[in-house]
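Report on one structure; see the data block that follows.
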Amino acid sequence: MQIDINNLCFAYMHKLVINNLSLSLNTGDFLVIRGKNGSGKSTLVKCLLGINPVKSGMIFFNHEDIVNFKAWTSIGYVPQKFEDFNYEYPITIKEFLSVSRLKRTKESDVLRLLDKMGILEIQNDNINSLSGGQLQRVFIVRAMLNNPKLLILDEPTASIDKKNVLYFRETVNQLHSEGVTVILISHDESMANLNYTHILSMSSDFSFTFQSRKNAELTPGVNE
Ligand SMILES: Nc1ncnc2c1ncn2[C@@H]1O[C@H](COP(=O)(O)OP(=O)(O)OP(=O)(O)O)[C@@H](O)[C@H]1O
Ligand SMILES: [Mg+2]
């Protein structure tokens with residue numbers, strides 16, 4: 001998915017968080033967003049997802065203004081926070097995922113993803129009984145379910161153990177190699193095992209640096 005962000009500004013009430021941010025990604029690019037707590041990383045992806053309505057600046061998906069964008073099911077999203085998650089009824093993981101599964105996706109694909117993320121054996125557990133890390137992995141499977149063209153991941157390293165972070169990153173790399181455009185927020189600042197093509201470094205003073213991987217590797221301190 002081609003993505004163009006032009007002069008984006010975003011504020012919560014009177015608190016400015018994003019100031020005049022512009023960047024472009026081509027189909028198949030893999031962007032890592034880095035920056036300290038509160039620098040606006042989650043806010044930016046929520047603008048891309050239409051969760052935060054954009055009032056100043058423009059965002060285009062495949063040259064179409066997101067105001068008119070319809071193909072939201074072609075975007076997979078894993079949010080950062082799950083503390084407040086509680087499904088209305090005590091359904092199983094498998095049932096929860098079947099609600100999100102579009103007709104074109106086979107059940108065997110769901111099982112393959114559950115296996116890949118190490119949660120196949122708990123597929124019949126109640127969704128409301130899971131630990132934070134397990135729940136996060138269910139949401140990763142959900143984001144990958146319907147052959148997304150764009151994956152937006154507010155990376156879950158805080159509540160997932162090292163081994164599963166590695167599986168997660170391998171799966172993301174795999175999808176990227178199949179042509180999926182990826183935007184991944186990396187909270188732990190570690191870039192290990194990620195086949196990214198671009199980096200966006202955000203600062204709390206609203207400044208940002210957007211670079212291709214090649215240029216970033218020539219800039220000391222940006223890609224340590
Ligand atoms: N819904 C909201 N209402 C008001 N202010 C908000 C809201 N969400 C975030 N903020 C504020 O906007 C700023 C950016 O927050 P954001 O969550 O985008 O940062 P972040 O870079 O994702 O941080 P972290 O690394 O902790 O996830 C912070 O100062 C935060 O307090
Ligand atoms: Mg965040």
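Ordering of the structure tokens sets the chain letters (A, B, ...); residue numbers start at 1 within each chain; ligands are numbered from 1 in the order shown.
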Practice task
Would you mind listing what lies within 9 Å of Leu200 in chain A as a count of residues only, with only C-alpha atoms counted and same-chain residues fewer than 3 positions away left out?
Solution key: 10
Give me, as a tab-separated table, the closest atom pair and its distance (Å, one decimal) for every residue of chain A within a cut-off of 7 Å of ligand 2, counting only C-alpha atoms and all ligand atoms, rows sorted by chain and rising number.
residue	atom	partner	partner_atom_place_in_ligand_line	distance
A:Asn37	CA	ligand 2	1 (Mg)	6.9
A:Gly38	CA	ligand 2	1 (Mg)	7.0
A:Gly40	CA	ligand 2	1 (Mg)	7.0
A:Lys41	CA	ligand 2	1 (Mg)	5.4
A:Ser42	CA	ligand 2	1 (Mg)	4.1
A:Gln80	CA	ligand 2	1 (Mg)	6.2
A:Asp154	CA	ligand 2	1 (Mg)	6.8
Practice task
For each of A:Cys47, A:Arg169, A:Lys55, A:Val78, take the minimum atom-to-atom distance to Asn195 in chain A, counting only C-alpha atoms, then give the residue where this is smallest.
Solution key: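 Selected residue with least distance to Asn195 in chain A: A:Arg169.
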Practice task
With only C-alpha atoms and all ligand atoms counted, collect every polymer residue having an atom within 12 Å of ligand 1; state the result as a VMD selection string.
Solution key: chain A and resid 10 to 19 33 to 47 51 to 53 79 to 81 153 to 158 184 to 189 200 to 206 208
Residues of range 57-162 of chain A that approach range 26-30 of chain A to 12 Å or less, counting only C-alpha atoms: could you list each one with the shortest pair of atoms and its distance in Å to one decimal, rows by chain and increasing residue number, as a tab-separated table?
residue	atom	partner	partner_atom	distance
A:Phe60	CA	A:Asn26	CA	11.6
A:Phe61	CA	A:Thr27	CA	10.0
A:Asn62	CA	A:Thr27	CA	8.6
A:His63	CA	A:Asn26	CA	11.0
A:Pro148	CA	A:Gly28	CA	11.7
A:Lys149	CA	A:Thr27	CA	8.5
A:Leu150	CA	A:Gly28	CA	8.7
A:Leu151	CA	A:Phe30	CA	9.4
A:Ile152	CA	A:Phe30	CA	10.1
A:Leu153	CA	A:Phe30	CA	11.2
Since we have the selection now, will you write its residues out, keeping N, CA and C atoms, as an mmCIF file, in the first residue's frame?
data_model
loop_
_atom_site.group_PDB
_atom_site.id
_atom_site.type_symbol
_atom_site.label_atom_id
_atom_site.label_comp_id
_atom_site.auth_asym_id
_atom_site.auth_seq_id
_atom_site.Cartn_x
_atom_site.Cartn_y
_atom_site.Cartn_z
ATOM 1 N N PHE A 60 -2.945 9.910 2.499
ATOM 2 C CA PHE A 60 -3.448 9.184 1.328
ATOM 3 C C PHE A 60 -3.008 7.728 1.381
ATOM 4 N N PHE A 61 -3.933 6.814 1.103
ATOM 5 C CA PHE A 61 -3.606 5.406 0.880
ATOM 6 C C PHE A 61 -3.825 5.140 -0.604
ATOM 7 N N ASN A 62 -2.795 4.670 -1.271
ATOM 8 C CA ASN A 62 -2.875 4.455 -2.724
ATOM 9 C C ASN A 62 -3.497 5.670 -3.421
ATOM 10 N N HIS A 63 -3.012 6.851 -3.061
ATOM 11 C CA HIS A 63 -3.395 8.138 -3.661
ATOM 12 C C HIS A 63 -4.840 8.548 -3.357
ATOM 13 N N PRO A 148 -3.688 -8.978 5.010
ATOM 14 C CA PRO A 148 -3.659 -7.519 4.959
ATOM 15 C C PRO A 148 -2.634 -6.998 3.944
ATOM 16 N N LYS A 149 -2.956 -5.845 3.392
ATOM 17 C CA LYS A 149 -2.008 -5.176 2.491
ATOM 18 C C LYS A 149 -1.094 -4.277 3.314
ATOM 19 N N LEU A 150 -1.615 -3.858 4.470
ATOM 20 C CA LEU A 150 -0.841 -3.004 5.376
ATOM 21 C C LEU A 150 -1.009 -3.526 6.796
ATOM 22 N N LEU A 151 0.115 -3.689 7.473
ATOM 23 C CA LEU A 151 0.089 -4.115 8.877
ATOM 24 C C LEU A 151 0.610 -2.976 9.729
ATOM 25 N N ILE A 152 -0.154 -2.604 10.749
ATOM 26 C CA ILE A 152 0.284 -1.546 11.659
ATOM 27 C C ILE A 152 0.383 -2.153 13.049
ATOM 28 N N LEU A 153 1.589 -2.187 13.590
ATOM 29 C CA LEU A 153 1.828 -2.906 14.840
ATOM 30 C C LEU A 153 2.459 -1.989 15.866
#
Exercise for the section: Select from range 35-80 of chain A everything DSSP, run on the backbone, classes as strand (DSSP E), then give the selection as a PyMOL selection string. Expected result: chain A and resi 35+56-61+64-65+75-78
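The smallest atom-to-atom distance between Ser100 in chain A and any of A:Gly57, A:Gly76, A:Gly132, A:Gly179, using only C-alpha atoms, is found for A:Gly76.
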Exercise for the section: Determine which residues of range 27-222 of chain A DSSP labels as alpha helix (DSSP H) from the backbone of this structure, then write them out as a ChimeraX atom specification. Expected result: /A:41-48,93-100,107-116,132-144,162-177,213-217
Exercise for the section: Point out the residue among A:Ser190, A:Phe82, A:Ile5, A:Asn173 with the least atom-to-atom distance to Arg137 in chain A, counting only C-alpha atoms. Expected result: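 Smallest distance to Arg137 in chain A is found for A:Phe82.
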Exercise for the section: Identify, on the basis of only C-alpha atoms, every residue whose closest approach to Tyr89 in chain A does not exceed 10 Å; exclude the query and any residue fewer than 4 positions from it along the same chain; express the result as a VMD selection string. Expected result: chain A and resid 96 126 to 128
Handout entry: Selection near Gln123 in chain A, 7 Å with only C-alpha atoms, sequence-local residues under 6 positions removed, as an MDAnalysis selection string
Key = chainID A and resid 92:94
Problem - Nearest to Met117 in chain A, chosen from A:Asn68, A:Thr105, A:Thr171, A:Ser131, with only C-alpha atoms counted in the distances - result: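 That would be A:Thr171, the residue with the smallest distance to Met117 in chain A.
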